[in-house]
Structures are given as structure tokens and as C-alpha cells.
There are 2 protein chains.
Amino acid sequence: MIDRLLPGLAWMRRYDRTAFNGDAMAAVIVTIMLIPQSLAYALLAGLPPEVGLYASMLPLVGYALFGSSSTLAVGPVAVVSLMTAAAVGNYAEVGTPEYMGAALALALLSGLFLVALGLLRLGFLASLLSHPVISGFITASGILIATSQLKHILGIEAGGHTLIEMIRALAAGIDAVNGATLAIGAGATVFLFWVRRSLKPLLMKLGLGPRLADSLAKAGPVAAVVVTILLVELLSLDGAGVKVVGDIPQGLPPVALPPLDPALWRDLLPSAVLISVVGFVESVSVAQTLAAKRRERIDANRELIGLGAANLAASVTGGYPVTGGFARSVVNFDAGARTPLAGVMTAVGIGLTALLLTPLFQQLPKATLAATIVVAVLSLVDLGALKRTWAYSKADFAAMAATIAVVLGAGVEAGIITGVSLSVALFLVRSSRPHMAVVGQVPGTQHFRNVKRHQVAVSPAVLSLRVDESLYFANARWLEDRLYDMAIADKQVKHVVLICSAVNDIDASALESLEALNERLKAAGVAFHLSEVKGPVMDKLKRAHFLQELTGKVFLSHYDALNALDPQTTWDALRGIRPPRSAATV
Amino acid sequence: MIDRLLPGLAWMRRYDRTAFNGDAMAAVIVTIMLIPQSLAYALLAGLPPEVGLYASMLPLVGYALFGSSSTLAVGPVAVVSLMTAAAVGNYAEVGTPEYMGAALALALLSGLFLVALGLLRLGFLASLLSHPVISGFITASGILIATSQLKHILGIEAGGHTLIEMIRALAAGIDAVNGATLAIGAGATVFLFWVRRSLKPLLMKLGLGPRLADSLAKAGPVAAVVVTILLVELLSLDGAGVKVVGDIPQGLPPVALPPLDPALWRDLLPSAVLISVVGFVESVSVAQTLAAKRRERIDANRELIGLGAANLAASVTGGYPVTGGFARSVVNFDAGARTPLAGVMTAVGIGLTALLLTPLFQQLPKATLAATIVVAVLSLVDLGALKRTWAYSKADFAAMAATIAVVLGAGVEAGIITGVSLSVALFLVRSSRPHMAVVGQVPGTQHFRNVKRHQVAVSPAVLSLRVDESLYFANARWLEDRLYDMAIADKQVKHVVLICSAVNDIDASALESLEALNERLKAAGVAFHLSEVKGPVMDKLKRAHFLQELTGKVFLSHYDALNALDPQTTWDALRGIRPPRSAATV
């Protein structure tokens, strides 16, 4: 019973000391990594820093109870924080209680939507986000986020939502650059890039094991935090215009319901859907990558419920939308996490931080947090993917480039909607022009092949057409016209046989087109037949009136059709005699 | 040269007296039919009655010059009038110059959009409107339009945009019913229904030829117009509260540019797109039905340009959006129209009416026009289609029912958008779960068939999988998981071969999934192979790094693959020996 309600707890039965040690070690490292990140991402979302800590506590427990990955590390992430800022920014001013309330409502709606998708087993909806669209979206978001943080590093005031607006605002404020802030921000940025690139090899050269070296390198941001806090304290830089985080309330998260305002919910719902889907797609791909390394399995519908539970938890404990983080999960995995208990221990670690350590961050410069964000998100930017996608597929490239352009030029929500619409549209365009072939009989056999590719026998009176796609609304009318034109182009043709061996479905629009085609061919004195109709399709056709109206017949095999309609040709072809009319004249 | 610029004029070369007689006769009948219709549809669109006449003049000439149908009769139609009222009503009050200006701008935008689609040869976009959606849309619009006219027949004031709003408003105003108006409105409605049902058989019984009987029956509305005008005149019913059309300016349409207001254009553009697409789809299906009867051809892209020209003409001559009308085109065809000149002659007929006859309509009761509309649109309502579609396909039924419900409950634009989105979504759902089969070798042959349907030989170490669909974003991740699960379910399996004979494309998302699957299988110690990859797909794969990373090989035929990976099985199968492991255990 517990297993079915809380499948995330199945690991408990075989929990042992080794697993505990791995989980505990991983939790310590992830906690250290998560503290500056959670403060920074709250800043990015336009929320007070403690909200980042709150979003890194109960949500982790929620995921641990319901999720299916043993190592996914949930919490605030960059892209979702940016999307939260974009969504909530439409309804309230940063810093107001309404802004915080909207962020909570957004987490609630995300949570409800994710849980609903999971319970309805609709996880596949996320597959509408094609890979090029997601990849373009992440790259563009990374650029947007990095640009948005420059103002903190330069110590100036600047706004803007699109790339151009931001760059203009930065250019306008460039005279007011605060030297001390810039020194801290630029120093932290350079230091963090150096840590990311060179610290691990250096530590290994110094004789440390690769795992310890890696863990120490991941703790780099903590060093930046500590050093810059000390600098501000010792040199009294807050007097020199260096903006600091300020007072962070000490204590556990406030437990309260998010605003239950139907109008607000209706306004935020589209954003909540986008945030949920983007967060889910990103999270599930990390979880799958890590699971494959241990031959474990990720259940997409349980992932939905796990992430939904995390967001619901965030919404009642003063947080904001969360999802599985990429870097954080890899660190968790590498540091030896074995079970979801690692996540719970991380939550305890963050809880202790919120209870005891927040006064230490009072003098933390915002420029340091901005540097943390810039270094983290620039690793998401992958402009090389544009080139690879261009080489592979122009249609995919178009979807990717459009997503990037619209995210940078008009914002994250417009960008993701553009990308999804465009990839669906391009797919429909492709399948609306299916491959079709005039076929003839391979001499001496009962097989039929494309007249353009094979030496085959064709009947002058019978046009045999094979369509390599299901018949549905997007291709029905086009096929109707093509078939009609082909049938009346040659006055000798008295029969058209549509070979349905590759037709897995005929929808109501296609049925309508077949009926219209039957009428049009009848008016032109040409009989219309079908052959090789699959069982389920035939069952469907029998429920309509089409078969009664059909001027021709339905043949089991195309050989039967040709044998009935023009026996001489099939007989000749079976003996390997090419009929006088060559295939090229069809 | 003229032929290419104005393909609509090709008929001129072989124009003769017979054609002229047919065209002239048809023009007279269509003109008589069009006069009350154009006044009524202008009323439906919330525009002054003369606008209906203006929209029935130059637009017909525009279509005649560029369209491809010889008998399509263009002008104001019920559904497009309703959509115009819905679109323009959002931006201006009925009766204001802004309302008229918005209607003109809407015609202009529709015209530009249709011409652009035609020039870009994008007519196929209209195929996104599946047949059940269009059918549901027309039925629901018919109900909505008929309900909206009841207030004129009852002689009361009532508003509302949705069915429920309208019914509530009618119920609220029911006490104020005007007896004289109701007598005229109900009388005209009953008369028109009788004309439609029984006049033609009656006239034929009286000895008239079927064609003349039909033409007279189609002129029924004119009789209603004449009789009710006389009644109002003779009994001075306008004093008794019967609302009449009132003064209609005498003369030709005003020639002027529509408002060139970018903000208005931007607001109206989505509505213009919907009106254009709905109008085009309706119009082209009438045109095709009629063309098939004379073995003529409709060119969808020329139709777009023809209808676009008609709307551009409407926008500069005081009209509003127009398209090809169903009933009107059938009358035109039946009355003997041979060429587009019939349309030009109709335009002249309406022009003469506007110049000379408008004073006659001053006392025309609005109730008569409402009765004309009710009788015309109720013939569009086809609730039986719901039942037929339910029997044929549940998915199509869902799209149709949703379209009807949303049109009635929330309006025409929301309805059409819902229908299109739902049919696209249902199609994606269907193709996101493609048919796939584990195959084995038919003993004694090199053929491979589904193990569930045939007695075949399978290798214990090689899993052979055939997917019957192109690999693309909506099915990529699902297939990745399915294939992985199937591969690792049986520990004996060392090789997975994906048979790509039915794969017409692999998009970038599917490539990503194949790469991930390759990695996941590699981690599980299983090699991943492909077989029977089509030429164009192989060319594409060669441009990516996938083939270098692939742990297995790409085989030309699946027989080659099995022969290389497990020669014993193929050898046994070729000799017709069933291997020890039965297909059922796969």
C-alpha cells in the first residue's frame, strides 16, 4: 500500500550503511553548492533571497516522496527563475507582497498542472517540445540571464526584458559604474571561471584524488561568497556603494496557503503551463541520463507527480517554482548519492542554514551572486548546436533559430510558443505532402513496385497508386486533387486503384475526400477501387456509407485487383512479357 | 502575357452566343436572389444595408479577373458576416464611422492575406481546417445566426454574443414583442420555408419545366420582400412599430482607401486570418463540387488570389469581407452560367439596383430580412453529421463537438481556434505512439514478419524491431524508452537492430533520442544496429556524428544484419528449422 502511494520510498527496504554514507556525503556537498545558488536564483526571479532557501527545503522532500529518480536534485534553477520573473512581473511590482503572492500561486498552479498530467498519464505532451526548440530556448535564456546580471556586476541601475532593451539600458547607465562593485563582480566572475576550468586539474596535480578535487572545485562559489563578504566587512564597501543582500530573516519557512484568487490564477495559468513543461523536460532528461549510468529506470508519469509535489510544497512554504537542476544533480550523483534520502538530507542542511547562518550573508554583495549566475548560465549556452542542426536538418534549424530570436527579442514565453508552433507546423507541412508512387507489376511475380525505379508492367486502363502515409486532414484534399489529376490526365484510364498497404488510418476528412474523389471520378467515367486495406481501417470504412457509394470494389491484394480489372496485363506480366505501353508513359 | 497576369480571362478566346445567353440568364436570376441577401447579410454584419450591395459589385469583378472557377458566385455570405460582426464589434460601436472603417480594414487585410497565401502557394494551410471542424463550425454558426435574428422577427431589442446570452436577452424582452412585426416576420419565415420545400414541386405539377420551376422557387425571397414592403406601405405599419430598413443612399459605391491605421490592422489581423481561411475553405469546396460536374479544374492558389482580389475590391468600394456563396453558386451553375462574365453581369445588375431601385426598399421590414437569413442559415445546420462522425471516428467527433460547443458558448473565433488546435493535437497524439513490431524470419525466406502474427524464427541474442512511422519529436522519446525497455528486458539480448524500412525521416529530436538510446544500450552492454535505412535518411545521418558513435553497424538489408549477427539462426531458418526459442517468448 505504501509502495503504491509513495513509490519513492521503495528504496527503504534495502537501505544500508554504505547507502547512508553516500547519501550523507552527497548531501553535504550539494548543500554547500546550493546555498549561494538558491540566494542567486531568488534574486534572478526578483524575490527576496530567503525565498531561494525556502524553495530548497520542503520541495526536496516532496520530490523524494513521489519522484522516480534516485539522484535528481530539485530546487530553484536559472531558466525557471527567469520564467517566473517574466510571468509574475506582468502582474505586480518587484518587492511587493503581490509579487511574492503571485510567485506562490505560480508554484501552486505548476504543481497542480504537473500532478494532473502525471495522474492522467499525459507525460508525452512534453514531447511537443522538440529537441532543437528546447536547446535553442536554453541557449537564448542563458544569454538573456547573463545579460540581466551585468547590471549587478557593474553596480548600475538598468531594466529591460529583451536583449536589446537590456543592452540599451546598460549603455545608458554605463557612466554610473560603481568601481568597488565592478571590482568585486568582475573578480568573482574571473575567479569562478578559473575554478570551473582549472581548479580540478590543479588540485589533482597537487596529489588530491579526482573525486575530492572535483568536490572542492564545485565548492568554488562558496569561496567567492566567503571572500567577498569578508572584503565588504573589512573595507566597509557597503559605504562605497556596493549593494549587499541585506537582512535575511532567520528561521524556518512560513507555512501558509498561496493566494486563492481565481482571477490571478486564470492570468497565471498559461505561464504555469509553460514553466511546468519546460521544467519537466529539462528535469526528466537529466534524470534519464543519470539513471542510465546505473541501469535504473525513470517513469515519466511518476516524475510529473514528483515535480508536482515539489512545487505544491514550494507553494505552501514561501517558495517559488522549482524543478530538477542539471549541474546540481550531476554533483549529487558524482558525490555518491544512492537514494532520495540524499535530497531530504540536503533539505535539512538548507534548513539549518536558514535557522543559523543567514546573518552571515547580510554583507554578501549582490555582485557575487550575479557572478555565480553568469558563470552557471553561460555553460548552458551552446551556439554550436545551431551549426550542427543546420547541417542535419533545415526544418529543425528554422525552429531552433526562431526560438532563439524570439526569446531574445520578445521574451521567454513568446519564444517557447513560437518554437512549439513552428515545429508542429513544419511537421504538418511535411506529412501533408506524403510520398506517393504509380506502381506496376514486377514481371513473373505478384509484387508491385514504383514505375520510376523498377522495370515493371503496367496496364493502360488501370492506374495503380500507392500512398505511403495515413490519410488525414492535412493531406486529404491535396491527395484528392493529385489523384484526380493523375486519373484524368490519361484518357485510356478507366480504373483507379488506391493501394492502402501503408495507410494506418483514414480520418473523417480523408473519408470526405475519398467520397468526393469517388464522385469526381464517377463524373469523369472512371471507376475508383481500393486494395490491401488493413483490417482496422476496413472496420472503420464499414461504419460509413462510402463503401456503398464506391463505384469500384475493395480488393484484398493488389494482384487480385489487377487480375480482375485487366487480366491480360497480369497474365503477360506473370510470364515476364512486357506490355507494349512502357511504364514511362504513365 | 494577359493569360499569365489574368488567367481568369482565358475563356474569352472561345466566348460565343450560347455562353452569353447562359451567363446573362444566370446573372438575372442571381441578381434577383442577391438583392435581399446582400441587404440581409449587411444587417447581420451590423452594417448599413447599402454596404451589402456595394460588397456585391466590384468584388465580383475582382474574382472574375483572377479566380479559377467559372461559376462561383462571390459576395456577402452568412458565416463571414457573422465573423465580421464578431471581429469588428470588439473595436467599435455598431453604427459609428469607426465600425464601418474597421469592416473595410478587415476586408483589406483579408484580401492581402489571401493574395499573399496564393502568391506563396500556401493554399494547403487551409487543410488544417479538418472536415469535422468546418462542418461543426458551420452548423454552430447557423444556429447562432438564426438565434440572433429572432429579435428582428419578434420586434424586440436584445443583444448577446453567445447562444445563452442571446436566449436570456430574448427571454427578458419577450413581453415587448411587437405584434405587427411578429406577424410579418413569422409570416415571411413560414412562406420562405414553404417556398424552399414545396414551391418547386407545385410549379412542376402545374406544368412548368424543372429549370424554370427551380428559378422561380429561388426567387421566393423577392416575393416576400415585395409583399411585405406593400403591406407596410398600405397599412402604415411603420407607425405600428415595425422597424424598416429606411433610407438607402442611391448611387454607386464610394471609392476610398480603408483606414491605414497600423494599430487597428494589428488588432484585426488574427480575425482577418480566420475569416480568410474559413471563407476560402467554404468557397473552394463549392467551386470544386461544381467544377467536377463539368470536368473543370480548380486551382487552389488561383482561388486564393481571386478571393483576395475580391476582398481588396470590397475594401476600396465601401464593402466588407466577401467569399464564394454556396446556394448562390449552385443557382448560378444551374441557371446556365458558363464563364466568369456571369459574375460581372451580376455586378452590373446590382449596380443598376443601387443606382435606381434603392428607394423601393425604404419601407422593407427588417423582419423580412431576418426571415431570409433564418431560412438560409438553417439549411446549413447539419446535426446529423455529429452522429455520422461519432460512428466513424471518436477523435473526429471530439473535434467537431468541441468546435460546436465553443462556437455556441464563447463565439466563432474561439470555436474555430479550439477546433483546429484539437484536431492537430489529436493527430499528434496518434502519431506519437506509432505501431512497432518485433519481427522474425519467415522460415525458408529472407522475409521478416511480426512475431505476433506469423510463425517465424527469432534469434535469442538479436532483437529485431520494426517501427512503422517516421521518427520525429512527438514519438522520439517514447520510442527511445520503449526500445530501451524491450532491449534490457531479456538478458540474452546482445544486439538490437532497428529496421527503418518505414522510416521516411529522422528529425533532429529523433536523432538525439537515437544517440541517447545508443549510449544507454552501450552502458547496458547491448550493441545498437540499424537496417534498411532509406537513401535520403542515410544521407542525413551521414551529416551527423551518430554513425561514428553507433556501437553497431548499418546493414543494407535486415537479412544481412541477422546473418552477420547470428548466422546460425538465419541458416536454420533458411532451412525451415524452427529454433528452440519460440517467438512467444520475445
# chains A, B, ... in the order shown; residues from 1 in each chain; ligands from 1
$ residues_around --residues "Lys491 (chain A)" --least-positions-apart "4" --cutoff "12 Å" --atoms "only C-alpha atoms" --output "JSON, numbers by chain"
{"A": [460, 461, 462, 463, 485, 486, 487, 495, 524, 525, 526, 586]}
$ interface_residues --of "chain B" --to "chain A" --cutoff "6 Å" --atoms "only C-alpha atoms" --output "PDB file with N, CA and C atoms, in the first residue's frame"
ATOM      1  N   SER B 127      -5.856  23.342 -45.294  1.00  0.00           N
ATOM      2  CA  SER B 127      -6.192  21.948 -44.977  1.00  0.00           C
ATOM      3  C   SER B 127      -6.079  21.671 -43.490  1.00  0.00           C
ATOM      4  N   LEU B 128      -5.518  22.627 -42.716  1.00  0.00           N
ATOM      5  CA  LEU B 128      -5.508  22.447 -41.262  1.00  0.00           C
ATOM      6  C   LEU B 128      -6.926  22.464 -40.699  1.00  0.00           C
ATOM      7  N   SER B 130      -9.845  20.739 -40.539  1.00  0.00           N
ATOM      8  CA  SER B 130     -10.321  19.410 -40.905  1.00  0.00           C
ATOM      9  C   SER B 130     -11.813  19.463 -41.188  1.00  0.00           C
ATOM     10  N   HIS B 131     -12.307  18.476 -41.891  1.00  0.00           N
ATOM     11  CA  HIS B 131     -13.705  18.493 -42.285  1.00  0.00           C
ATOM     12  C   HIS B 131     -14.665  18.532 -41.097  1.00  0.00           C
ATOM     13  N   ALA B 292     -16.260  19.775 -60.813  1.00  0.00           N
ATOM     14  CA  ALA B 292     -16.220  18.350 -61.136  1.00  0.00           C
ATOM     15  C   ALA B 292     -17.371  17.989 -62.072  1.00  0.00           C
ATOM     16  N   TYR B 392     -18.097   7.041 -37.094  1.00  0.00           N
ATOM     17  CA  TYR B 392     -16.904   6.777 -37.884  1.00  0.00           C
ATOM     18  C   TYR B 392     -15.620   6.904 -37.071  1.00  0.00           C
ATOM     19  N   PHE B 473       9.886  14.390 -33.374  1.00  0.00           N
ATOM     20  CA  PHE B 473       9.910  14.820 -31.976  1.00  0.00           C
ATOM     21  C   PHE B 473       8.792  14.247 -31.114  1.00  0.00           C
ATOM     22  N   ALA B 474       7.593  14.100 -31.695  1.00  0.00           N
ATOM     23  CA  ALA B 474       6.486  13.666 -30.845  1.00  0.00           C
ATOM     24  C   ALA B 474       6.575  12.186 -30.472  1.00  0.00           C
ATOM     25  N   SER B 509      15.289  15.807 -33.204  1.00  0.00           N
ATOM     26  CA  SER B 509      14.916  15.263 -31.894  1.00  0.00           C
ATOM     27  C   SER B 509      15.077  13.753 -31.880  1.00  0.00           C
ATOM     28  N   ARG B 520      22.661   4.568 -23.876  1.00  0.00           N
ATOM     29  CA  ARG B 520      22.029   3.787 -22.807  1.00  0.00           C
ATOM     30  C   ARG B 520      22.242   2.295 -23.048  1.00  0.00           C
ATOM     31  N   ARG B 543      25.529  13.256 -42.163  1.00  0.00           N
ATOM     32  CA  ARG B 543      25.928  14.631 -41.824  1.00  0.00           C
ATOM     33  C   ARG B 543      26.021  14.837 -40.316  1.00  0.00           C
TER      34      ARG B 543
END
$ residues_around --residues "Val330 (chain A)" --least-positions-apart "2" --cutoff "9 Å" --atoms "only C-alpha atoms" --output "ChimeraX atom specification"
/A:71-73,286,290,325-328,332-335
$ write_last_selection --atoms "all heavy atoms" --output "short mmCIF file (atom, residue, chain, number, x, y, z; two decimals), in the first residue's frame"
data_model
loop_
_atom_site.label_atom_id
_atom_site.label_comp_id
_atom_site.auth_asym_id
_atom_site.auth_seq_id
_atom_site.Cartn_x
_atom_site.Cartn_y
_atom_site.Cartn_z
N THR A 71 18.63 10.22 -7.84
CA THR A 71 19.70 11.20 -7.67
C THR A 71 19.36 12.60 -8.16
O THR A 71 20.20 13.49 -8.07
CB THR A 71 20.97 10.72 -8.41
OG1 THR A 71 20.59 10.26 -9.70
CG2 THR A 71 21.65 9.62 -7.66
N LEU A 72 18.16 12.80 -8.66
CA LEU A 72 17.80 14.13 -9.15
C LEU A 72 17.78 15.12 -7.99
O LEU A 72 17.18 14.86 -6.95
CB LEU A 72 16.42 14.10 -9.81
CG LEU A 72 16.02 15.38 -10.55
CD1 LEU A 72 16.81 15.50 -11.85
CD2 LEU A 72 14.53 15.41 -10.84
N ALA A 73 18.47 16.27 -8.16
CA ALA A 73 18.48 17.30 -7.12
C ALA A 73 17.56 18.43 -7.54
O ALA A 73 17.81 19.13 -8.51
CB ALA A 73 19.90 17.81 -6.89
N VAL A 286 17.79 15.12 -17.52
CA VAL A 286 18.90 14.90 -16.57
C VAL A 286 18.70 13.57 -15.85
O VAL A 286 19.62 12.75 -15.74
CB VAL A 286 18.93 16.01 -15.48
CG1 VAL A 286 20.14 15.81 -14.59
CG2 VAL A 286 18.92 17.38 -16.10
N LEU A 290 21.28 10.25 -15.89
CA LEU A 290 21.90 9.70 -14.68
C LEU A 290 21.41 8.27 -14.43
O LEU A 290 22.19 7.39 -14.05
CB LEU A 290 21.59 10.58 -13.47
CG LEU A 290 22.16 12.00 -13.55
CD1 LEU A 290 21.78 12.80 -12.32
CD2 LEU A 290 23.68 11.97 -13.71
N GLY A 325 17.61 20.34 -11.15
CA GLY A 325 18.71 21.12 -11.70
C GLY A 325 19.76 20.22 -12.32
O GLY A 325 20.04 19.13 -11.80
N PHE A 326 20.37 20.69 -13.42
CA PHE A 326 21.31 19.85 -14.14
C PHE A 326 22.62 19.66 -13.36
O PHE A 326 22.96 18.56 -12.91
CB PHE A 326 21.57 20.44 -15.52
CG PHE A 326 22.56 19.63 -16.32
CD1 PHE A 326 22.18 18.42 -16.87
CD2 PHE A 326 23.86 20.06 -16.48
CE1 PHE A 326 23.09 17.66 -17.58
CE2 PHE A 326 24.77 19.30 -17.19
CZ PHE A 326 24.39 18.10 -17.75
N ALA A 327 23.35 20.77 -13.15
CA ALA A 327 24.67 20.70 -12.52
C ALA A 327 24.57 20.04 -11.14
O ALA A 327 25.35 19.15 -10.78
CB ALA A 327 25.26 22.10 -12.40
N ARG A 328 23.56 20.48 -10.40
CA ARG A 328 23.33 20.02 -9.03
C ARG A 328 23.10 18.50 -8.98
O ARG A 328 23.60 17.80 -8.11
CB ARG A 328 22.07 20.74 -8.58
CG ARG A 328 21.81 20.82 -7.16
CD ARG A 328 20.55 21.64 -6.99
NE ARG A 328 20.65 22.96 -7.62
CZ ARG A 328 19.60 23.72 -7.89
NH1 ARG A 328 18.36 23.30 -7.61
NH2 ARG A 328 19.77 24.89 -8.45
N ASN A 332 25.41 15.67 -7.21
CA ASN A 332 24.77 14.73 -6.27
C ASN A 332 25.14 13.29 -6.63
O ASN A 332 25.55 12.49 -5.78
CB ASN A 332 23.25 14.93 -6.34
CG ASN A 332 22.50 14.31 -5.19
OD1 ASN A 332 22.98 14.31 -4.06
ND2 ASN A 332 21.33 13.77 -5.48
N PHE A 333 25.03 12.98 -7.93
CA PHE A 333 25.34 11.65 -8.43
C PHE A 333 26.82 11.33 -8.23
O PHE A 333 27.17 10.29 -7.66
CB PHE A 333 24.97 11.60 -9.92
CG PHE A 333 25.19 10.27 -10.57
CD1 PHE A 333 24.14 9.36 -10.67
CD2 PHE A 333 26.41 9.93 -11.13
CE1 PHE A 333 24.32 8.14 -11.30
CE2 PHE A 333 26.60 8.71 -11.74
CZ PHE A 333 25.55 7.81 -11.83
N ASP A 334 27.68 12.26 -8.66
CA ASP A 334 29.12 12.02 -8.58
C ASP A 334 29.59 11.91 -7.14
O ASP A 334 30.52 11.17 -6.82
CB ASP A 334 29.89 13.16 -9.27
CG ASP A 334 29.80 13.06 -10.78
OD1 ASP A 334 29.40 11.98 -11.28
OD2 ASP A 334 30.14 14.05 -11.46
N ALA A 335 28.94 12.66 -6.23
CA ALA A 335 29.36 12.65 -4.83
C ALA A 335 28.89 11.39 -4.12
O ALA A 335 29.17 11.20 -2.94
CB ALA A 335 28.84 13.88 -4.12
#
$ atom_distance --atom1 "CA of Val420 (chain A)" --atom2 "CA of Met400 (chain A)"
9.8 Å
$ select_by_dssp --residues "region 32-222 of chain A" --states "alpha helix (DSSP H)" --output "PyMOL selection string"
chain A and resi 32-44+49-54+58-66+78-88+97-119+131-154+163-173+179-194+200-205+210-218+220-222
$ select_by_dssp --residues "region 358-540 of chain A" --states "strand (DSSP E)" --output "ChimeraX atom specification"
/A:436-441,448-450,462-467,495-499,527-531
$ write_last_selection --atoms "N, CA, C and O atoms" --output "tab-separated table (two decimals), in the first residue's frame"
chain	number	residue	atom	x	y	z
A	436	MET	N	4.00	9.41	-52.79
A	436	MET	CA	3.08	8.52	-53.48
A	436	MET	C	3.72	8.05	-54.77
A	436	MET	O	4.56	8.73	-55.35
A	437	ALA	N	3.36	6.85	-55.20
A	437	ALA	CA	4.02	6.28	-56.36
A	437	ALA	C	3.00	5.55	-57.23
A	437	ALA	O	2.09	4.89	-56.73
A	438	VAL	N	3.17	5.70	-58.57
A	438	VAL	CA	2.45	4.84	-59.51
A	438	VAL	C	3.24	3.54	-59.56
A	438	VAL	O	4.46	3.56	-59.69
A	439	VAL	N	2.54	2.41	-59.38
A	439	VAL	CA	3.27	1.15	-59.35
A	439	VAL	C	2.87	0.25	-60.50
A	439	VAL	O	1.80	0.41	-61.11
A	440	GLY	N	3.76	-0.68	-60.84
A	440	GLY	CA	3.50	-1.68	-61.86
A	440	GLY	C	3.96	-3.03	-61.35
A	440	GLY	O	4.63	-3.13	-60.32
A	441	GLN	N	3.61	-4.06	-62.10
A	441	GLN	CA	3.88	-5.41	-61.65
A	441	GLN	C	5.30	-5.83	-62.05
A	441	GLN	O	5.71	-5.66	-63.21
A	448	PHE	N	4.43	-5.51	-56.73
A	448	PHE	CA	4.24	-4.25	-57.45
A	448	PHE	C	5.25	-3.24	-56.93
A	448	PHE	O	5.47	-3.13	-55.73
A	449	ARG	N	5.88	-2.53	-57.85
A	449	ARG	CA	6.92	-1.57	-57.47
A	449	ARG	C	6.73	-0.26	-58.23
A	449	ARG	O	6.11	-0.22	-59.28
A	450	ASN	N	7.32	0.79	-57.69
A	450	ASN	CA	7.32	2.13	-58.28
A	450	ASN	C	7.79	2.08	-59.73
A	450	ASN	O	8.88	1.58	-60.02
A	462	VAL	N	-5.66	0.69	-66.17
A	462	VAL	CA	-5.72	0.71	-64.72
A	462	VAL	C	-4.56	1.55	-64.16
A	462	VAL	O	-3.40	1.25	-64.44
A	463	LEU	N	-4.90	2.57	-63.40
A	463	LEU	CA	-3.87	3.37	-62.74
A	463	LEU	C	-3.73	2.87	-61.30
A	463	LEU	O	-4.68	2.93	-60.52
A	464	SER	N	-2.55	2.33	-60.97
A	464	SER	CA	-2.31	1.79	-59.63
A	464	SER	C	-1.47	2.78	-58.83
A	464	SER	O	-0.35	3.08	-59.20
A	465	LEU	N	-2.03	3.27	-57.72
A	465	LEU	CA	-1.36	4.30	-56.94
A	465	LEU	C	-1.15	3.86	-55.51
A	465	LEU	O	-2.08	3.39	-54.86
A	466	ARG	N	0.07	4.01	-55.00
A	466	ARG	CA	0.33	3.68	-53.60
A	466	ARG	C	0.68	4.96	-52.84
A	466	ARG	O	1.53	5.73	-53.29
A	467	VAL	N	0.00	5.20	-51.71
A	467	VAL	CA	0.31	6.37	-50.88
A	467	VAL	C	0.98	5.87	-49.61
A	467	VAL	O	0.45	5.01	-48.91
A	495	HIS	N	-9.90	2.76	-64.69
A	495	HIS	CA	-9.94	2.34	-63.29
A	495	HIS	C	-8.78	2.98	-62.53
A	495	HIS	O	-7.66	3.01	-63.03
A	496	VAL	N	-9.09	3.47	-61.32
A	496	VAL	CA	-8.02	3.93	-60.43
A	496	VAL	C	-8.07	3.01	-59.20
A	496	VAL	O	-9.14	2.82	-58.61
A	497	VAL	N	-6.92	2.41	-58.86
A	497	VAL	CA	-6.87	1.58	-57.65
A	497	VAL	C	-5.91	2.25	-56.66
A	497	VAL	O	-4.73	2.46	-56.98
A	498	LEU	N	-6.43	2.58	-55.48
A	498	LEU	CA	-5.59	3.16	-54.43
A	498	LEU	C	-5.11	2.03	-53.53
A	498	LEU	O	-5.92	1.35	-52.90
A	499	ILE	N	-3.78	1.83	-53.49
A	499	ILE	CA	-3.21	0.75	-52.68
A	499	ILE	C	-2.99	1.28	-51.26
A	499	ILE	O	-2.25	2.25	-51.07
A	527	ALA	N	-13.77	4.39	-62.74
A	527	ALA	CA	-14.16	3.68	-61.52
A	527	ALA	C	-13.03	3.77	-60.50
A	527	ALA	O	-11.85	3.79	-60.85
A	528	PHE	N	-13.41	3.82	-59.22
A	528	PHE	CA	-12.44	4.02	-58.14
A	528	PHE	C	-12.45	2.77	-57.25
A	528	PHE	O	-13.51	2.35	-56.78
A	529	HIS	N	-11.28	2.16	-57.07
A	529	HIS	CA	-11.15	0.94	-56.27
A	529	HIS	C	-10.12	1.14	-55.17
A	529	HIS	O	-9.26	2.00	-55.26
A	530	LEU	N	-10.20	0.28	-54.16
A	530	LEU	CA	-9.16	0.24	-53.13
A	530	LEU	C	-8.58	-1.16	-53.11
A	530	LEU	O	-9.26	-2.13	-53.44
A	531	SER	N	-7.30	-1.26	-52.68
A	531	SER	CA	-6.75	-2.60	-52.46
A	531	SER	C	-5.88	-2.61	-51.22
A	531	SER	O	-5.40	-1.55	-50.79
